[in-house]
file input.txt (compact mmCIF, C-alpha atoms and all ligand atoms)
# COMPACT_ATOMS: atom_id res chain seq x y z
CA MET A 28 6.69 31.49 2.23
CA SER A 29 8.35 28.18 3.09
CA LEU A 30 6.77 24.92 2.03
CA LEU A 31 6.11 24.07 5.67
CA SER A 32 4.28 27.30 6.45
CA GLU A 33 2.34 26.96 3.19
CA MET A 34 1.19 23.50 4.27
CA LEU A 35 0.36 24.66 7.81
CA GLU A 36 -1.68 27.55 6.47
CA HIS A 37 -3.57 25.29 4.09
CA ASN A 38 -4.13 22.85 6.94
CA LYS A 39 -5.73 25.49 9.14
CA ALA A 40 -8.18 26.47 6.42
CA PHE A 41 -8.84 22.81 5.59
CA VAL A 42 -9.84 21.99 9.15
CA GLU A 43 -11.76 25.19 9.82
CA SER A 44 -13.83 24.84 6.66
CA GLY A 45 -14.77 21.26 7.58
CA THR A 46 -13.40 19.91 4.28
CA TYR A 47 -12.21 16.84 6.19
CA GLU A 48 -15.81 15.65 6.49
CA ARG A 49 -15.76 14.04 3.06
CA PHE A 50 -12.65 12.02 3.97
CA ARG A 51 -14.09 10.65 7.19
CA THR A 52 -13.88 6.88 7.45
CA GLY A 53 -13.09 4.03 9.88
CA LYS A 54 -9.65 2.64 10.72
CA PHE A 55 -10.36 -0.82 9.27
CA PRO A 56 -9.95 -0.89 5.48
CA GLU A 57 -13.34 -1.20 3.75
CA LYS A 58 -11.96 -3.44 1.01
CA LYS A 59 -9.93 -5.54 3.46
CA LEU A 60 -6.90 -5.00 1.26
CA ALA A 61 -3.31 -3.94 1.98
CA ILE A 62 -1.23 -2.48 -0.83
CA LEU A 63 2.56 -2.33 -0.95
CA ALA A 64 3.32 0.31 -3.59
CA CYS A 65 6.26 2.35 -4.82
CA MET A 66 6.56 5.84 -3.35
CA ASP A 67 6.80 7.40 -6.84
CA ALA A 68 5.06 10.81 -6.81
CA ARG A 69 3.26 10.03 -10.08
CA LEU A 70 1.26 7.33 -8.28
CA LEU A 71 0.10 9.59 -5.45
CA GLU A 72 -3.38 10.18 -6.86
CA LEU A 73 -3.13 8.08 -10.02
CA LEU A 74 -2.93 4.74 -8.19
CA PRO A 75 -6.16 5.02 -6.16
CA HIS A 76 -8.05 6.57 -9.07
CA ALA A 77 -6.84 3.94 -11.53
CA LEU A 78 -7.98 1.14 -9.21
CA GLY A 79 -11.23 2.69 -8.02
CA LEU A 80 -10.07 3.17 -4.43
CA LYS A 81 -11.12 5.91 -2.08
CA ASN A 82 -10.13 7.09 1.37
CA GLY A 83 -10.58 4.30 3.93
CA ASP A 84 -10.60 1.45 1.38
CA VAL A 85 -7.08 0.05 1.88
CA LYS A 86 -4.02 0.00 4.09
CA MET A 87 -1.30 1.60 1.98
CA ILE A 88 2.39 0.93 2.58
CA LYS A 89 4.83 2.76 0.37
CA ASN A 90 8.57 2.64 -0.15
CA ALA A 91 11.13 2.95 -2.92
CA GLY A 92 10.38 0.20 -5.45
CA ALA A 93 7.53 -1.55 -3.54
CA LEU A 94 10.16 -3.85 -2.06
CA VAL A 95 10.42 -6.03 1.01
CA SER A 96 14.11 -5.66 1.73
CA HIS A 97 14.10 -7.63 4.95
CA PRO A 98 11.77 -10.39 6.21
CA TRP A 99 11.79 -8.80 9.69
CA GLY A 100 11.73 -5.15 8.61
CA SER A 101 8.95 -2.60 8.96
CA VAL A 102 7.17 -3.47 5.68
CA MET A 103 6.66 -7.10 6.64
CA ARG A 104 5.68 -6.06 10.15
CA SER A 105 3.06 -3.66 8.76
CA LEU A 106 1.62 -6.41 6.55
CA VAL A 107 1.50 -8.90 9.42
CA VAL A 108 -0.19 -6.33 11.68
CA ALA A 109 -2.64 -5.47 8.87
CA VAL A 110 -3.64 -9.12 8.52
CA TYR A 111 -3.96 -10.01 12.21
CA ALA A 112 -5.15 -6.73 13.73
CA LEU A 113 -6.67 -4.63 10.95
CA ARG A 114 -8.92 -7.16 9.14
CA VAL A 115 -6.89 -7.29 5.93
CA ARG A 116 -7.77 -10.39 3.85
CA GLU A 117 -5.77 -9.72 0.66
CA ILE A 118 -2.44 -8.10 -0.24
CA CYS A 119 -1.37 -6.50 -3.52
CA VAL A 120 2.16 -5.47 -4.51
CA ILE A 121 2.12 -2.54 -6.96
CA ALA A 122 5.37 -1.59 -8.67
CA HIS A 123 5.55 0.47 -11.86
CA SER A 124 7.49 0.82 -15.08
CA ASP A 125 10.15 3.56 -15.29
CA CYS A 126 10.90 3.10 -11.57
CA GLY A 127 13.90 4.88 -10.07
CA MET A 128 14.83 1.69 -8.19
CA GLY A 129 15.37 -0.04 -11.52
CA THR A 130 18.21 2.27 -12.45
CA ILE A 131 19.62 3.09 -9.04
CA ASP A 132 23.40 3.13 -8.81
CA SER A 133 24.64 2.57 -5.26
CA MET A 134 28.11 3.93 -6.14
CA HIS A 135 26.48 7.17 -7.34
CA ILE A 136 24.37 7.49 -4.16
CA LEU A 137 27.40 6.95 -1.92
CA GLN A 138 29.37 9.47 -3.94
CA GLU A 139 26.48 11.95 -3.51
CA ALA A 140 26.45 11.24 0.23
CA HIS A 141 30.16 12.02 0.31
CA ASN A 142 29.63 15.23 -1.68
CA ARG A 143 26.92 16.26 0.79
CA GLY A 144 29.29 15.99 3.73
CA ILE A 145 29.29 12.35 4.85
CA PRO A 146 33.01 11.67 5.50
CA THR A 147 34.72 8.72 3.81
CA ARG A 148 35.74 7.42 7.23
CA VAL A 149 32.04 7.03 8.17
CA LEU A 150 31.39 5.02 5.00
CA ASN A 151 34.50 2.92 5.69
CA THR A 152 33.52 2.35 9.32
CA LEU A 153 30.06 1.18 8.23
CA ARG A 154 31.63 -1.23 5.73
CA MET A 155 34.07 -2.51 8.34
CA ALA A 156 31.18 -3.07 10.72
CA GLY A 157 29.79 -5.51 8.14
CA ILE A 158 27.13 -3.26 6.60
CA ASP A 159 26.98 -4.02 2.89
CA LEU A 160 25.92 -0.56 1.71
CA ASP A 161 25.88 -1.57 -1.95
CA SER A 162 23.39 -4.40 -1.39
CA TRP A 163 21.39 -2.25 1.00
CA LEU A 164 20.95 0.46 -1.63
CA ARG A 165 20.37 -1.94 -4.49
CA GLY A 166 17.03 -1.84 -6.33
CA PHE A 167 16.19 -4.33 -9.08
CA ASP A 168 17.22 -5.11 -12.65
CA ASN A 169 13.79 -6.17 -13.86
CA VAL A 170 10.53 -4.86 -12.41
CA ASP A 171 8.52 -7.99 -13.30
CA ASP A 172 11.02 -10.27 -11.53
CA SER A 173 11.08 -7.88 -8.59
CA VAL A 174 7.27 -8.00 -8.16
CA ARG A 175 7.23 -11.80 -8.44
CA ASN A 176 10.04 -12.08 -5.85
CA THR A 177 8.32 -9.68 -3.46
CA VAL A 178 5.02 -11.57 -3.80
CA GLU A 179 6.84 -14.84 -3.02
CA LEU A 180 8.65 -13.29 -0.05
CA ILE A 181 5.35 -12.17 1.47
CA ARG A 182 3.51 -15.38 0.57
CA THR A 183 6.13 -17.64 2.13
CA HIS A 184 6.82 -15.50 5.19
CA PRO A 185 6.55 -17.71 8.29
CA LEU A 186 3.96 -15.41 9.87
CA MET A 187 1.76 -14.97 6.78
CA PRO A 188 -1.34 -17.19 6.93
CA LYS A 189 -1.89 -19.41 3.89
CA ASP A 190 -5.42 -18.14 3.22
CA VAL A 191 -4.29 -14.59 2.31
CA PRO A 192 -3.95 -14.14 -1.48
CA ILE A 193 -0.88 -12.07 -2.47
CA HIS A 194 -1.31 -10.36 -5.84
CA GLY A 195 1.31 -8.52 -7.87
CA VAL A 196 0.93 -5.94 -10.65
CA VAL A 197 3.03 -3.42 -12.54
CA MET A 198 1.40 -0.05 -13.20
CA ASP A 199 2.06 2.35 -16.07
CA PRO A 200 2.88 5.62 -14.24
CA VAL A 201 1.29 7.68 -17.03
CA THR A 202 -1.96 5.89 -17.89
CA GLY A 203 -2.42 3.92 -14.67
CA ALA A 204 -2.89 0.71 -16.68
CA VAL A 205 -1.81 -2.39 -14.74
CA ARG A 206 -0.32 -5.68 -15.90
CA LEU A 207 -1.19 -8.63 -13.69
CA LEU A 208 1.89 -10.65 -12.77
CA ALA A 209 0.66 -12.65 -9.82
CA ASP A 210 -2.93 -13.69 -9.22
CA GLY A 211 -2.94 -14.54 -5.52
CA TYR A 212 -6.13 -16.59 -5.75
CA LYS A 213 -4.29 -19.16 -7.86
CA THR A 214 -1.98 -20.11 -5.03
CA LEU A 215 -4.80 -20.54 -2.51
CA THR A 216 -6.54 -23.82 -1.79
CA LYS A 217 -10.08 -24.12 -3.22
CA LYS A 218 -11.37 -24.08 0.34
CA ALA A 219 -9.65 -20.76 1.06
CA VAL A 220 -11.00 -19.17 -2.16
CA LYS A 221 -14.51 -20.38 -1.27
CA ALA A 222 -14.21 -18.94 2.25
CA LEU A 223 -13.03 -15.61 0.80
CA CYS A 224 -15.96 -15.46 -1.68
CA LYS A 225 -18.43 -16.42 1.06
CA GLU A 226 -17.09 -13.68 3.29
CA GLU A 227 -17.30 -11.18 0.42
CA LEU A 228 -20.90 -12.20 -0.30
CA ALA A 229 -21.83 -11.97 3.39
CA LEU A 230 -20.31 -8.48 3.57
CA LYS A 231 -22.19 -7.31 0.47
CA THR A 232 -25.47 -8.71 1.85
CA LEU A 233 -24.81 -7.03 5.18
CA ALA A 234 -24.08 -3.70 3.45
CA LYS A 235 -27.34 -4.04 1.44
CA GLU A 236 -29.34 -4.82 4.58
CA GLU A 237 -27.79 -1.87 6.39
CA ALA A 238 -28.64 0.43 3.46
CA THR A 239 -32.24 -0.85 3.44
CA LEU A 240 -32.58 -0.31 7.20
CA GLN A 241 -31.13 3.17 6.82
CA ARG A 242 -33.63 3.96 4.05
CA ILE A 243 -36.52 2.74 6.20
CA ALA A 244 -35.28 4.85 9.12
CA ASN A 245 -34.92 7.90 6.86
CA ASN A 246 -38.45 7.40 5.46
CA ALA A 247 -39.84 7.07 8.97
CA ASP A 248 -38.05 10.27 9.98
CA ALA A 249 -39.38 12.09 6.92
CA LYS A 250 -42.94 10.93 7.67
CA GLN A 251 -42.67 12.00 11.28
CA ASN A 252 -41.39 15.40 10.26
CA SER A 253 -44.21 15.90 7.78
CA VAL A 254 -46.89 15.07 10.39
ZN ZN A 301 9.18 3.55 -8.30
call {"tool": "encode", "arguments": {"input": "input.txt", "output": "structure tokens"}}
result
Amino acid sequence: MSLLSEMLEHNKAFVESGTYERFRTGKFPEKKLAILACMDARLLELLPHALGLKNGDVKMIKNAGALVSHPWGSVMRSLVVAVYALRVREICVIAHSDCGMGTIDSMHILQEAHNRGIPTRVLNTLRMAGIDLDSWLRGFDNVDDSVRNTVELIRTHPLMPKDVPIHGVVMDPVTGAVRLLADGYKTLTKKAVKALCKEELALKTLAKEEATLQRIANNADAKQNSV
């Protein structure tokens, strides 16, 4: 059985059994957080578990190395959309140690591309058209520097509002332990931090009130049913 048919078969059973019910959530992230993380397969489940996140909590953007390679590329666009249209109030960049982008060799990748049938003339034409394939494929030499640079790129982007804290951490891909490299609250004005805390408090109070109202409604229902 091919991987695709295996997944399609699983999917059918998943939907029919109603398993999706426990993943049901809204489109706005509960924790008002967007994460830019590396696509490393080891982080697939480890990352949310290690940070106490569940389905619906965050907007998750993933790519190789948790990098913003262009200020007007799709990663930056996703973050800007998340902030202005999807109620995101904080951003966190999550790279990890032992990342493939730390050891990537552009020469090797281009050689592999050639071995897999991409003709040399295509590579030459791209180069002659001004596409710097080596820079485009480049990762980073040092993961800590890379996270700090990415945080700065996002923080200083002309469309990023100044009241959004941008955090940066490096995760251990085995234990899930994180090292904090950039505490986004430190670069905010005191006023912005206060506003963020106030909003957080208001949300918690609202959630408590909603839970209380729900309890009262449930009790009333139970009473009515027992009459
Ligand atoms: Zn990685």
call {"tool": "closest_atom_pairs", "arguments": {"input": "input.txt", "of": "chain A", "to": "ligand ZN 301 (chain A)", "cutoff": "8 Å", "atoms": "all atoms listed in the file", "output": "JSON lines"}}
result
{"residue": "A:Cys65", "atom": "CA", "partner": "A:ZN301", "partner_atom": "ZN", "distance": 4.7}
{"residue": "A:Met66", "atom": "CA", "partner": "A:ZN301", "partner_atom": "ZN", "distance": 6.1}
{"residue": "A:Asp67", "atom": "CA", "partner": "A:ZN301", "partner_atom": "ZN", "distance": 4.8}
{"residue": "A:Ala91", "atom": "CA", "partner": "A:ZN301", "partner_atom": "ZN", "distance": 5.8}
{"residue": "A:Gly92", "atom": "CA", "partner": "A:ZN301", "partner_atom": "ZN", "distance": 4.6}
{"residue": "A:Ala93", "atom": "CA", "partner": "A:ZN301", "partner_atom": "ZN", "distance": 7.2}
{"residue": "A:Ala122", "atom": "CA", "partner": "A:ZN301", "partner_atom": "ZN", "distance": 6.4}
{"residue": "A:His123", "atom": "CA", "partner": "A:ZN301", "partner_atom": "ZN", "distance": 5.9}
{"residue": "A:Ser124", "atom": "CA", "partner": "A:ZN301", "partner_atom": "ZN", "distance": 7.5}
{"residue": "A:Asp125", "atom": "CA", "partner": "A:ZN301", "partner_atom": "ZN", "distance": 7.1}
{"residue": "A:Cys126", "atom": "CA", "partner": "A:ZN301", "partner_atom": "ZN", "distance": 3.7}
{"residue": "A:Gly127", "atom": "CA", "partner": "A:ZN301", "partner_atom": "ZN", "distance": 5.2}
{"residue": "A:Met128", "atom": "CA", "partner": "A:ZN301", "partner_atom": "ZN", "distance": 5.9}
{"residue": "A:Gly129", "atom": "CA", "partner": "A:ZN301", "partner_atom": "ZN", "distance": 7.8}
call {"tool": "atom_distance", "arguments": {"input": "input.txt", "atom1": "CA of Ala222 (chain A)", "atom2": "CA of Tyr111 (chain A)"}}
result
16.9 Å
call {"tool": "closest_residue", "arguments": {"input": "input.txt", "among": "A:Arg116, A:Lys218, A:Arg69, A:Arg104", "to": "His194 (chain A)", "atoms": "all atoms listed in the file"}}
result
A:Arg116
call {"tool": "residues_around", "arguments": {"input": "input.txt", "residues": "region 230-247 of chain A", "least_positions_apart": "6", "cutoff": "12 Å", "atoms": "all atoms listed in the file", "output": "VMD selection string"}}
result
chain A and resid 57 to 59 223 to 224 253 to 254
call {"tool": "closest_residue", "arguments": {"input": "input.txt", "among": "A:Ser29, A:Gln251, A:Ser105, A:Ser173", "to": "Leu186 (chain A)", "atoms": "only C-alpha atoms"}}
result
A:Ser105
call {"tool": "closest_residue", "arguments": {"input": "input.txt", "among": "A:Ser44, A:Glu139, A:Met187, A:Val120", "to": "Val95 (chain A)", "atoms": "all atoms listed in the file"}}
result
A:Val120
call {"tool": "closest_residue", "arguments": {"input": "input.txt", "among": "A:Leu164, A:Ala112, A:Cys119, A:Val42", "to": "Ile136 (chain A)", "atoms": "all atoms listed in the file"}}
result
A:Leu164
call {"tool": "closest_residue", "arguments": {"input": "input.txt", "among": "A:Leu73, A:Ala109, A:Val205, A:Ala61", "to": "Lys89 (chain A)", "atoms": "all atoms listed in the file"}}
result
A:Ala61
call {"tool": "closest_residue", "arguments": {"input": "input.txt", "among": "A:Glu48, A:Ser32, A:Glu117, A:Arg148", "to": "Glu227 (chain A)", "atoms": "all atoms listed in the file"}}
result
A:Glu117
call {"tool": "atom_distance", "arguments": {"input": "input.txt", "atom1": "CA of Val85 (chain A)", "atom2": "CA of Lys189 (chain A)"}}
result
20.2 Å
call {"tool": "atom_distance", "arguments": {"input": "input.txt", "atom1": "CA of Gly211 (chain A)", "atom2": "CA of Gly83 (chain A)"}}
result
22.4 Å
